[in-house]
$ cat coords_1.cif   # mmCIF, C-alpha atoms
data_model
loop_
_atom_site.label_atom_id
_atom_site.label_comp_id
_atom_site.auth_asym_id
_atom_site.auth_seq_id
_atom_site.Cartn_x
_atom_site.Cartn_y
_atom_site.Cartn_z
CA GLY A 4 0.00 0.00 0.00
CA TRP A 5 2.98 2.37 -0.15
CA LEU A 6 3.07 2.83 -3.93
CA GLU A 7 1.44 5.79 -5.68
CA LEU A 8 1.32 7.28 -9.14
CA TRP A 9 2.06 10.97 -9.46
CA TYR A 10 1.26 12.85 -12.67
CA GLN A 11 3.05 15.55 -14.61
CA GLN A 12 1.17 17.37 -17.33
CA LYS A 13 2.23 17.63 -20.95
CA ILE A 14 1.51 21.06 -22.44
CA ASN A 15 0.74 21.95 -26.05
CA ILE A 16 3.54 24.33 -26.95
CA ARG A 17 1.37 26.54 -29.18
CA THR A 18 -1.85 26.79 -27.19
CA LEU A 19 -0.44 26.18 -23.66
CA VAL A 20 -3.39 23.84 -23.10
CA PRO A 21 -2.73 20.63 -21.13
CA SER A 22 -2.40 17.65 -23.46
CA GLY A 23 -2.32 14.58 -21.25
CA ALA A 24 -0.09 13.59 -18.36
CA GLU A 25 2.70 11.15 -17.58
CA ALA A 26 2.37 8.75 -14.64
CA LEU A 27 5.43 8.51 -12.39
CA VAL A 28 5.66 5.89 -9.64
CA ARG A 29 6.54 6.97 -6.10
CA MET A 30 6.73 5.24 -2.73
CA ARG A 31 5.25 6.89 0.37
CA HIS A 32 7.10 5.13 3.19
CA PRO A 33 5.61 5.49 6.71
CA ALA A 34 8.99 6.48 8.18
CA TRP A 35 11.03 7.85 5.26
CA GLY A 36 8.30 9.84 3.55
CA VAL A 37 8.18 10.04 -0.25
CA VAL A 38 10.91 7.91 -1.83
CA PRO A 39 11.89 8.50 -5.50
CA PRO A 40 11.96 5.47 -7.83
CA ALA A 41 15.76 5.33 -8.12
CA TYR A 42 15.81 3.92 -4.59
CA PHE A 43 13.23 1.16 -4.96
CA ILE A 44 12.78 0.12 -8.60
CA PRO A 45 13.93 -3.53 -8.84
CA ASP A 46 15.98 -4.83 -11.74
CA ASP A 47 14.43 -7.19 -14.26
CA LYS A 48 15.76 -10.27 -12.43
CA ASP A 49 13.86 -9.39 -9.25
CA PRO A 50 10.74 -11.57 -8.72
CA HIS A 51 8.70 -8.43 -7.94
CA PHE A 52 9.72 -6.64 -11.12
CA ARG A 53 6.70 -7.62 -13.21
CA ALA A 54 4.32 -7.00 -10.31
CA LEU A 55 5.50 -3.39 -10.14
CA SER A 56 4.78 -2.90 -13.84
CA GLU A 57 1.35 -4.48 -13.41
CA PHE A 58 0.65 -2.09 -10.52
CA VAL A 59 1.49 0.90 -12.74
CA VAL A 60 -0.83 -0.30 -15.50
CA GLY A 61 -3.71 -1.07 -13.13
CA ARG A 62 -3.44 2.12 -11.10
CA ALA A 63 -3.18 4.32 -14.19
CA ILE A 64 -6.41 2.84 -15.55
CA GLU A 65 -8.11 3.34 -12.17
CA ASP A 66 -6.91 6.93 -12.10
CA TRP A 67 -8.17 7.50 -15.65
CA ARG A 68 -11.66 6.47 -14.55
CA HIS A 69 -11.45 8.79 -11.53
CA LEU A 70 -10.28 11.70 -13.70
CA LEU A 71 -13.05 11.01 -16.20
CA GLU A 72 -15.66 11.51 -13.47
CA SER A 73 -13.98 14.52 -11.86
CA GLN A 74 -12.77 16.55 -14.85
CA GLY A 75 -13.32 14.67 -18.09
CA PRO A 76 -11.12 12.34 -20.17
CA VAL A 77 -7.34 12.72 -19.87
CA ASP A 78 -4.76 10.99 -22.08
CA LEU A 79 -2.30 9.19 -19.81
CA SER A 80 1.15 7.75 -20.45
CA ILE A 81 3.06 5.25 -18.34
CA ASN A 82 6.65 3.99 -18.34
CA LEU A 83 7.36 0.29 -18.88
CA PRO A 84 10.63 -1.57 -19.49
CA VAL A 85 11.13 -3.54 -22.71
CA SER A 86 11.60 -6.71 -20.64
CA PHE A 87 7.93 -6.46 -19.63
CA PHE A 88 6.99 -7.35 -23.20
CA ALA A 89 9.22 -10.42 -23.33
CA ASP A 90 6.43 -12.23 -21.49
CA THR A 91 3.95 -13.70 -23.97
CA HIS A 92 1.07 -12.69 -21.69
CA ALA A 93 2.02 -8.99 -21.66
CA ILE A 94 0.07 -7.83 -24.72
CA PRO A 95 -3.10 -9.86 -23.96
CA ASP A 96 -3.01 -8.60 -20.35
CA LEU A 97 -2.69 -5.00 -21.52
CA ARG A 98 -5.50 -5.49 -24.00
CA ARG A 99 -7.84 -6.72 -21.26
CA ALA A 100 -6.92 -3.80 -18.99
CA ILE A 101 -7.88 -1.12 -21.50
CA PRO A 102 -11.24 0.58 -20.79
CA THR A 103 -14.01 0.07 -23.30
CA HIS A 104 -15.48 3.48 -22.45
CA PRO A 105 -16.02 5.58 -25.63
CA ALA A 106 -14.18 8.53 -24.02
CA PHE A 107 -10.96 6.55 -23.65
CA GLY A 108 -8.50 8.06 -26.10
CA GLY A 109 -5.82 5.42 -25.73
CA LEU A 110 -2.84 4.62 -23.52
CA LEU A 111 0.70 5.75 -24.23
CA ILE A 112 3.57 3.54 -23.08
CA GLU A 113 6.97 5.19 -22.81
CA VAL A 114 10.00 2.99 -23.49
CA ASP A 115 13.57 4.19 -22.97
CA SER A 116 15.45 4.91 -26.21
CA ILE A 117 18.48 2.79 -25.23
CA GLU A 118 16.20 -0.22 -24.73
CA VAL A 119 14.61 0.43 -28.12
CA ILE A 120 18.03 0.51 -29.78
CA GLU A 121 19.14 -2.68 -28.01
CA ASN A 122 15.89 -4.56 -28.79
CA PRO A 123 14.71 -3.07 -32.10
CA GLU A 124 12.80 -6.04 -33.52
CA LEU A 125 10.94 -6.77 -30.29
CA VAL A 126 9.96 -3.14 -29.73
CA VAL A 127 8.79 -2.58 -33.31
CA ASP A 128 6.72 -5.77 -33.27
CA VAL A 129 5.19 -4.82 -29.89
CA ALA A 130 4.36 -1.31 -31.11
CA LYS A 131 2.61 -2.69 -34.18
CA ALA A 132 0.62 -5.21 -32.14
CA LEU A 133 -0.43 -2.67 -29.50
CA ARG A 134 -1.65 -0.05 -31.96
CA LEU A 135 -4.43 -2.46 -32.95
CA HIS A 136 -5.75 -2.16 -29.39
CA ASN A 137 -5.68 1.60 -28.75
CA ILE A 138 -2.22 1.49 -27.14
CA ALA A 139 0.78 3.30 -28.60
CA LEU A 140 4.50 3.45 -27.84
CA THR A 141 6.58 6.54 -27.16
CA ILE A 142 10.38 6.54 -27.29
CA ASP A 143 11.60 8.22 -24.11
CA ASN A 144 14.88 9.99 -23.29
CA VAL A 145 16.07 10.38 -26.88
CA GLY A 146 19.48 12.04 -26.97
CA ALA A 147 22.84 11.72 -28.69
CA GLU A 148 22.01 8.18 -29.83
CA TRP A 149 19.16 9.45 -32.06
CA PRO A 150 20.89 8.40 -35.36
CA SER A 151 20.47 4.74 -34.33
CA LEU A 152 16.70 5.20 -34.46
CA MET A 153 16.95 5.95 -38.16
CA GLU A 154 18.05 2.34 -38.69
CA LEU A 155 14.77 0.85 -37.44
CA LYS A 156 13.04 -1.27 -40.10
CA SER A 157 9.81 0.66 -39.45
CA PHE A 158 8.71 3.47 -37.15
CA PRO A 159 5.36 2.65 -35.49
CA PHE A 160 5.81 5.19 -32.68
CA VAL A 161 3.57 8.17 -31.95
CA GLU A 162 5.94 10.30 -29.87
CA LEU A 163 9.61 10.97 -29.23
CA LYS A 164 10.62 12.58 -25.94
CA VAL A 165 13.94 14.41 -25.97
CA ASP A 166 16.18 13.75 -22.98
CA ARG A 167 16.05 16.63 -20.51
CA GLN A 168 19.85 17.06 -20.61
CA PHE A 169 19.52 18.33 -24.20
CA VAL A 170 16.50 20.55 -23.43
CA ASN A 171 17.57 22.13 -20.15
CA GLY A 172 19.82 25.08 -21.02
CA SER A 173 19.29 24.67 -24.78
CA ALA A 174 18.45 28.36 -25.16
CA ASP A 175 22.15 29.16 -24.75
CA ASP A 176 23.74 26.02 -26.18
CA ARG A 177 23.98 25.52 -29.95
CA LEU A 178 25.10 21.90 -29.64
CA LYS A 179 21.99 21.04 -27.64
CA GLN A 180 19.86 22.92 -30.16
CA THR A 181 21.39 20.89 -33.00
CA VAL A 182 20.55 17.59 -31.30
CA CYS A 183 17.01 18.80 -30.54
CA ARG A 184 16.41 19.95 -34.12
CA ARG A 185 17.56 16.62 -35.55
CA ILE A 186 15.26 14.68 -33.24
CA VAL A 187 12.35 16.99 -34.10
CA GLU A 188 13.02 16.37 -37.80
CA LEU A 189 13.21 12.60 -37.24
CA ALA A 190 9.89 12.58 -35.39
CA HIS A 191 8.05 14.78 -37.86
CA ASP A 192 9.42 12.83 -40.85
CA HIS A 193 7.59 9.80 -39.42
CA GLY A 194 4.42 11.65 -38.43
CA ALA A 195 5.21 11.49 -34.71
CA ARG A 196 4.93 14.22 -32.10
CA VAL A 197 8.00 15.36 -30.22
CA ILE A 198 8.16 16.44 -26.58
CA ALA A 199 10.74 18.60 -24.82
CA GLN A 200 11.29 17.33 -21.28
CA GLY A 201 12.86 19.37 -18.51
CA ILE A 202 11.54 22.81 -19.42
CA GLU A 203 12.34 24.92 -16.36
CA THR A 204 12.86 28.44 -17.74
CA ARG A 205 11.01 30.76 -20.08
CA ALA A 206 14.13 30.95 -22.28
CA ASP A 207 14.18 27.17 -22.80
CA PHE A 208 10.44 27.20 -23.51
CA LEU A 209 10.89 29.85 -26.21
CA ALA A 210 13.81 27.88 -27.66
CA ALA A 211 11.69 24.71 -27.76
CA HIS A 212 8.91 26.63 -29.50
CA GLU A 213 11.35 27.97 -32.09
CA MET A 214 12.86 24.50 -32.68
CA GLY A 215 9.47 23.05 -33.58
CA PHE A 216 8.55 20.89 -30.57
CA ASP A 217 4.88 19.93 -30.30
CA LEU A 218 4.62 19.45 -26.52
CA VAL A 219 6.61 20.51 -23.46
CA GLN A 220 6.90 19.10 -19.97
CA GLY A 221 8.76 20.43 -16.97
CA TYR A 222 8.81 22.40 -13.74
CA LEU A 223 8.02 25.67 -15.56
CA PHE A 224 4.50 24.28 -15.97
CA GLY A 225 4.27 22.09 -12.89
CA LYS A 226 5.96 19.38 -10.87
CA PRO A 227 4.64 15.81 -10.67
CA GLN A 228 1.81 15.63 -8.14
#

$ encode --input "coords_1.cif" --output "structure tokens"
Amino acid sequence: GWLELWYQQKINIRTLVPSGAEALVRMRHPAWGVVPPAYFIPDDKDPHFRALSEFVVGRAIEDWRHLLESQGPVDLSINLPVSFFADTHAIPDLRRAIPTHPAFGGLLIEVDSIEVIENPELVVDVAKALRLHNIALTIDNVGAEWPSLMELKSFPFVELKVDRQFVNGSADDRLKQTVCRRIVELAHDHGARVIAQGIETRADFLAAHEMGFDLVQGYLFGKPQ
């Protein structure tokens, strides 16, 4: 009973209207208070590893139903490791968890870019299979390794999220701007949206707007809550 999901909004960079939210797992320990995931996320050999991923899926769907009643439908995204999909039951289990409510706009699953590059065939096949069931994959934390994504045999992803280290401070760093622009081009060439993570200053927001990002996320607009 210590685990929670906190949410951080994604903001449309042109209208400044909220455009969904990302679920982030936290632990509220009775003695230590709120514990960030770096201190309790198990590795993929831990017997509780899959159970944690299943908690995230189940709680996010519960929260979606709560949000639907309190403020209307909200598009949610969750983070899952590639190893979760190595289990043959993963896709059928996800399919059964998805709400049949007509207001449900779909679930986004964020997968780290390094894991995508290391497991390209699995991730592409999973993305194709999930899109048939109103679930889509986002490539998270895209950074200097972005050229490797150009080698994928197909590109069934709906979003790319640029690593915060290339967004934060990009207003004054041409190298960071170059990386961001290339990732924006890669995403748009494949009809995908691109998100700037780690927006903390007005200057970086204006830079992201000028570089062609579609969505932004960061402390300038709100912390996870």

$ residues_near_point --input "coords_1.cif" --point "(1.5, 11.1, -5.5)" --cutoff "6 Å" --atoms "all atoms listed in the file" --output "list in words"
Glu7, Leu8, Trp9 and Gln228 of chain A

$ residues_around --input "coords_1.cif" --residues "Ala195 (chain A)" --least-positions-apart "3" --cutoff "7 Å" --atoms "only C-alpha atoms" --output "ChimeraX atom specification"
/A:160-162,190-191

$ residues_near_point --input "coords_1.cif" --point "(9.1, 6.3, -39.2)" --cutoff "7 Å" --atoms "all atoms listed in the file" --output "mmCIF file with C-alpha atoms, in the frame of the given file"
data_model
loop_
_atom_site.group_PDB
_atom_site.id
_atom_site.type_symbol
_atom_site.label_atom_id
_atom_site.label_comp_id
_atom_site.auth_asym_id
_atom_site.auth_seq_id
_atom_site.Cartn_x
_atom_site.Cartn_y
_atom_site.Cartn_z
ATOM 1 C CA SER A 157 9.810 0.660 -39.450
ATOM 2 C CA PHE A 158 8.710 3.470 -37.150
ATOM 3 C CA PRO A 159 5.360 2.650 -35.490
ATOM 4 C CA ASP A 192 9.420 12.830 -40.850
ATOM 5 C CA HIS A 193 7.590 9.800 -39.420
#

$ residues_around --input "coords_1.cif" --residues "Arg99 (chain A)" --least-positions-apart "6" --cutoff "12 Å" --atoms "only C-alpha atoms" --output "PyMOL selection string"
chain A and resi 60-61+64+92-93+133+136-138

$ write_last_selection --input "coords_1.cif" --atoms "C-alpha atoms" --output "PDB file, in the frame of the given file"
ATOM      1  CA  VAL A  60      -0.830  -0.300 -15.500  1.00  0.00           C
ATOM      2  CA  GLY A  61      -3.710  -1.070 -13.130  1.00  0.00           C
ATOM      3  CA  ILE A  64      -6.410   2.840 -15.550  1.00  0.00           C
ATOM      4  CA  HIS A  92       1.070 -12.690 -21.690  1.00  0.00           C
ATOM      5  CA  ALA A  93       2.020  -8.990 -21.660  1.00  0.00           C
ATOM      6  CA  LEU A 133      -0.430  -2.670 -29.500  1.00  0.00           C
ATOM      7  CA  HIS A 136      -5.750  -2.160 -29.390  1.00  0.00           C
ATOM      8  CA  ASN A 137      -5.680   1.600 -28.750  1.00  0.00           C
ATOM      9  CA  ILE A 138      -2.220   1.490 -27.140  1.00  0.00           C
TER      10      ILE A 138
END

$ closest_atom_pairs --input "coords_1.cif" --of "region 62-173 of chain A" --to "region 204-224 of chain A" --cutoff "7 Å" --atoms "all atoms listed in the file" --output "JSON lines"
{"residue": "A:Asn171", "atom": "CA", "partner": "A:Asp207", "partner_atom": "CA", "distance": 6.6}
{"residue": "A:Gly172", "atom": "CA", "partner": "A:Asp207", "partner_atom": "CA", "distance": 6.3}
{"residue": "A:Ser173", "atom": "CA", "partner": "A:Asp207", "partner_atom": "CA", "distance": 6.0}

$ resolve_selection --input "coords_1.cif" --expression "the PyMOL selection byres ((chain A and resi 165) around 6)" --output "VMD selection string"
chain A and resid 144 to 145 164 166 199

$ residues_around --input "coords_1.cif" --residues "Lys226 (chain A)" --least-positions-apart "3" --cutoff "12 Å" --atoms "only C-alpha atoms" --output "PyMOL selection string"
chain A and resi 9-13+24-27+200-203+220-223

$ write_last_selection --input "coords_1.cif" --atoms "C-alpha atoms" --output "PDB file, in the frame of the given file"
ATOM      1  CA  TRP A   9       2.060  10.970  -9.460  1.00  0.00           C
ATOM      2  CA  TYR A  10       1.260  12.850 -12.670  1.00  0.00           C
ATOM      3  CA  GLN A  11       3.050  15.550 -14.610  1.00  0.00           C
ATOM      4  CA  GLN A  12       1.170  17.370 -17.330  1.00  0.00           C
ATOM      5  CA  LYS A  13       2.230  17.630 -20.950  1.00  0.00           C
ATOM      6  CA  ALA A  24      -0.090  13.590 -18.360  1.00  0.00           C
ATOM      7  CA  GLU A  25       2.700  11.150 -17.580  1.00  0.00           C
ATOM      8  CA  ALA A  26       2.370   8.750 -14.640  1.00  0.00           C
ATOM      9  CA  LEU A  27       5.430   8.510 -12.390  1.00  0.00           C
ATOM     10  CA  GLN A 200      11.290  17.330 -21.280  1.00  0.00           C
ATOM     11  CA  GLY A 201      12.860  19.370 -18.510  1.00  0.00           C
ATOM     12  CA  ILE A 202      11.540  22.810 -19.420  1.00  0.00           C
ATOM     13  CA  GLU A 203      12.340  24.920 -16.360  1.00  0.00           C
ATOM     14  CA  GLN A 220       6.900  19.100 -19.970  1.00  0.00           C
ATOM     15  CA  GLY A 221       8.760  20.430 -16.970  1.00  0.00           C
ATOM     16  CA  TYR A 222       8.810  22.400 -13.740  1.00  0.00           C
ATOM     17  CA  LEU A 223       8.020  25.670 -15.560  1.00  0.00           C
TER      18      LEU A 223
END

$ residues_around --input "coords_1.cif" --residues "Gly4 (chain A)" --least-positions-apart "3" --cutoff "10 Å" --atoms "all atoms listed in the file" --output "list of chain:residue names"
A:Glu7, A:Met30, A:Arg31, A:His32

$ atom_distance --input "coords_1.cif" --atom1 "CA of His69 (chain A)" --atom2 "CA of Gly225 (chain A)"
20.6 Å

$ resolve_selection --input "coords_1.cif" --expression "the PyMOL selection byres ((chain A and resi 122-126) around 9)" --output "PDB file with C-alpha atoms, in the coordinates of the input"
ATOM      1  CA  VAL A  85      11.130  -3.540 -22.710  1.00  0.00           C
ATOM      2  CA  PHE A  88       6.990  -7.350 -23.200  1.00  0.00           C
ATOM      3  CA  ALA A  89       9.220 -10.420 -23.330  1.00  0.00           C
ATOM      4  CA  VAL A 114      10.000   2.990 -23.490  1.00  0.00           C
ATOM      5  CA  ILE A 117      18.480   2.790 -25.230  1.00  0.00           C
ATOM      6  CA  GLU A 118      16.200  -0.220 -24.730  1.00  0.00           C
ATOM      7  CA  VAL A 119      14.610   0.430 -28.120  1.00  0.00           C
ATOM      8  CA  ILE A 120      18.030   0.510 -29.780  1.00  0.00           C
ATOM      9  CA  GLU A 121      19.140  -2.680 -28.010  1.00  0.00           C
ATOM     10  CA  VAL A 127       8.790  -2.580 -33.310  1.00  0.00           C
ATOM     11  CA  ASP A 128       6.720  -5.770 -33.270  1.00  0.00           C
ATOM     12  CA  VAL A 129       5.190  -4.820 -29.890  1.00  0.00           C
ATOM     13  CA  ALA A 130       4.360  -1.310 -31.110  1.00  0.00           C
ATOM     14  CA  LYS A 131       2.610  -2.690 -34.180  1.00  0.00           C
ATOM     15  CA  LEU A 140       4.500   3.450 -27.840  1.00  0.00           C
ATOM     16  CA  LEU A 152      16.700   5.200 -34.460  1.00  0.00           C
ATOM     17  CA  LEU A 155      14.770   0.850 -37.440  1.00  0.00           C
ATOM     18  CA  LYS A 156      13.040  -1.270 -40.100  1.00  0.00           C
TER      19      LYS A 156
END
